[in-house]
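A quick write-up on the structure given underneath.
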Amino acid sequence: MSNQFTIDGLVVPFKEGESIMDAALAAGVYIPHLCHNPEFYPHGSCRLCTVNVNGRPVTACTTPASANAKVENETHEINTRRRLLLKMLFVEGNHVCPACEKSGNCQLQAVAYHCSMLAPEFTHFYPRRQIDASHTETVIDFNRCILCELCVRASRDVDDKNVFAISGRGIEAHLVINSPSGKLRDSAFHSDDKAAHVCPVGAILPKHKGYDVPIGERLYDRESISLVGDVAQHEEE
Ligand code: SF4
Ligand code: FES
């Protein structure tokens, strides 16, 4: 059979046009990721899914699977690189895990546990960011945004609204809301929109149901992300 490749020695079949990520996930092989969601066109921005293919680093979410490729996913070198990326993400925002409503249901936190990133290494930036609580049903805490663009893609491609965008570059990059005031209340956003349900961290949160499930009993408190997958798949639990 030619439509197959190996990940860390395990044989993985793929369909023509499928990415390494999608083929791996379909075969039950977890490749850490944050900006990937199979419902949307891949974006390739977080770089967490970087694997070695025939010795070269590539992002698994944007690289098509190819016959007989040798993919390395869980090596010491790759895991070290992933921990570095995660540490940078944690210091670039204000992630207060112990007090965060999303703790235990947060993909950033869960991937960090999976990659054995248990403590920060770099000095925190402590950026000054706002919270937008103007909308009646949804709150946005910009402190936790990791710029994955999932809400941007969902709003543009599914909701047909373009409520969200990323503005600025590099360390200045930040999420903005498309409305006359810049507030969510004055945008076309609705809490039933797809964009309201895709955030992998605690940046876009529903109001009126805080701390529904006690900490310790939440999705990633019960099982590793490598077994249960993306938080968006379990949104209604
Ligand atoms: S608000 Fe959430 S979904 Fe949107 S870019 Fe930030 S982290 Fe991603
Ligand atoms: S999941 Fe591939 S770059 Fe983010």
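Naming works like this for the structure tokens: A, B, ... for the chains as they're shown, residue 1 at the start of each chain, ligands 1 onward in shown order.
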Item to check | Nearby residues, ligand 2, 7 Å, only C-alpha atoms and all ligand atoms, as a list in words | outcome: His33, Leu34, Cys35, His36, His43, Gly44, Ser45, Cys46, Arg47, Leu48, Cys49, Thr50, Thr59, Ala60, Cys61 and Thr62 of chain A
Next on the checklist: Show me which residues are within 8 Å of ligand 1 counting only C-alpha atoms and all ligand atoms, and format the list as JSON, numbers by chain.
Outcome noted: {"A": [35, 140, 141, 142, 144, 145, 146, 147, 148, 149, 150, 151, 152, 164, 166, 175, 195, 198, 199, 200, 201, 202, 203, 204]}
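Using only C-alpha atoms for every distance, the candidate list A:Lys194, A:Val91, A:Leu219, A:Pro120 yields A:Val91 as the residue closest to Ile171 of chain A.
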Would you write out, as CSV, a table of all residues in segment 115-153 of chain A that have an atom no more than 7 Å from an atom of segment 176-193 of chain A, listing for each the closest atom pair and the distance in Å to one decimal, considering only C-alpha atoms and ordering rows by chain and rising residue number?
residue,atom,partner,partner_atom,distance
A:Asp132,CA,A:Lys183,CA,6.7
A:Ser134,CA,A:Arg185,CA,5.2
A:His135,CA,A:Arg185,CA,4.3
A:Glu137,CA,A:Ser191,CA,6.2
A:Thr138,CA,A:Ser191,CA,6.4
Could you please take those selected residues and save all heavy atoms as an mmCIF file, in the first residue's frame?
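Saved to again_10.cif:
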data_model
loop_
_atom_site.group_PDB
_atom_site.id
_atom_site.type_symbol
_atom_site.label_atom_id
_atom_site.label_comp_id
_atom_site.auth_asym_id
_atom_site.auth_seq_id
_atom_site.Cartn_x
_atom_site.Cartn_y
_atom_site.Cartn_z
ATOM 1 N N ASP A 132 -13.210 42.992 27.546
ATOM 2 C CA ASP A 132 -14.407 43.567 26.933
ATOM 3 C C ASP A 132 -15.628 42.790 27.438
ATOM 4 O O ASP A 132 -15.886 41.668 26.990
ATOM 5 C CB ASP A 132 -14.298 43.489 25.396
ATOM 6 C CG ASP A 132 -15.502 44.112 24.704
ATOM 7 O OD1 ASP A 132 -16.528 44.347 25.381
ATOM 8 O OD2 ASP A 132 -15.430 44.336 23.475
ATOM 9 N N SER A 134 -18.668 44.142 27.323
ATOM 10 C CA SER A 134 -19.783 44.975 26.870
ATOM 11 C C SER A 134 -20.971 44.158 26.338
ATOM 12 O O SER A 134 -22.106 44.609 26.385
ATOM 13 C CB SER A 134 -19.297 45.929 25.768
ATOM 14 O OG SER A 134 -18.826 45.188 24.648
ATOM 15 N N HIS A 135 -20.700 42.955 25.852
ATOM 16 C CA HIS A 135 -21.769 42.140 25.259
ATOM 17 C C HIS A 135 -22.583 41.457 26.365
ATOM 18 O O HIS A 135 -22.032 41.071 27.394
ATOM 19 C CB HIS A 135 -21.137 41.091 24.331
ATOM 20 C CG HIS A 135 -22.119 40.448 23.407
ATOM 21 N ND1 HIS A 135 -22.857 39.336 23.778
ATOM 22 C CD2 HIS A 135 -22.482 40.744 22.141
ATOM 23 C CE1 HIS A 135 -23.627 38.988 22.756
ATOM 24 N NE2 HIS A 135 -23.431 39.825 21.751
ATOM 25 N N GLU A 137 -23.974 38.524 26.449
ATOM 26 C CA GLU A 137 -23.833 37.069 26.590
ATOM 27 C C GLU A 137 -22.400 36.568 26.635
ATOM 28 O O GLU A 137 -22.159 35.424 27.027
ATOM 29 C CB GLU A 137 -24.552 36.365 25.414
ATOM 30 C CG GLU A 137 -26.022 36.692 25.282
ATOM 31 C CD GLU A 137 -26.801 36.302 26.526
ATOM 32 O OE1 GLU A 137 -26.474 35.278 27.146
ATOM 33 O OE2 GLU A 137 -27.734 37.062 26.896
ATOM 34 N N THR A 138 -21.455 37.372 26.157
ATOM 35 C CA THR A 138 -20.086 36.876 25.964
ATOM 36 C C THR A 138 -19.074 37.907 26.442
ATOM 37 O O THR A 138 -19.265 39.108 26.231
ATOM 38 C CB THR A 138 -19.844 36.596 24.457
ATOM 39 O OG1 THR A 138 -20.844 35.680 24.006
ATOM 40 C CG2 THR A 138 -18.459 35.990 24.212
#
Checklist outcome for this item: Among A:Val139, A:Ile78, A:Leu227, A:Ala232, Pro206 of chain A is approached most closely, using only C-alpha atoms, by A:Val139
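The residue set within 7 Å of segment 64-76 of chain A, counting only C-alpha atoms and dropping same-chain residues fewer than 2 places from it, reads Ser2, Asn3, Gln4, Phe5, Thr6, Ile7, Asp8, Phe14, Gly17, Glu18, Ser19, Ile20, Ile31, Val51, Asn52, Val53, Asn54, Thr62, Ile78, Asn79 and Thr80 of chain A.
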Next on the checklist: At a cut-off of 8 Å, using only C-alpha atoms, what residues contact Ala112 of chain A? Leave out same-chain residues fewer than 6 positions from it and give the result as a PyMOL selection string.
Outcome noted: chain A and resi 83+86+118
Checklist entry - From the list A:Pro98, A:Gly104, A:Pro32, A:Gly229, which residue is nearest Glu217 of chain A when using only C-alpha atoms? => result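 Looking at the shortest contact to Glu217 of chain A, the residue is A:Gly104.
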Next on the checklist: Taking the DSSP secondary structure from the backbone, can you list the residues of segment 6-108 of chain A that are alpha helix (DSSP H), as a VMD selection string?
Outcome noted: chain A and resid 20 to 26 76 to 92 107 to 108
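Candidate residues A:Arg153, A:Gly216, A:His95, A:Lys209 were compared for distance to Tyr41 of chain A, and the nearest is A:Arg153, using only C-alpha atoms.
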Item to check | DSSP-assigned strand (DSSP E or B) members of segment 9-233 of chain A, reported as a ChimeraX atom specification | outcome: /A:10-13,19,50-53,56-59,64,70-72,131-132,138-141,164-167,174-177,204-206
Checklist entry - What does the distance between atom CA of Met21 of chain A and atom CA of Thr63 of chain A come to in Å, to one decimal place? => result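 Value for the atom CA of Met21 of chain A-atom CA of Thr63 of chain A distance: 8.0 Å.
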Checklist entry - Which of these residues is nearest to Arg218 of chain A, using only C-alpha atoms: A:Arg169, A:Thr136, A:Asn105, A:Ala26? => result A:Asn105
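Note that atom CA of Leu89 of chain A and atom CA of Gly28 of chain A are 26.4 Å apart.
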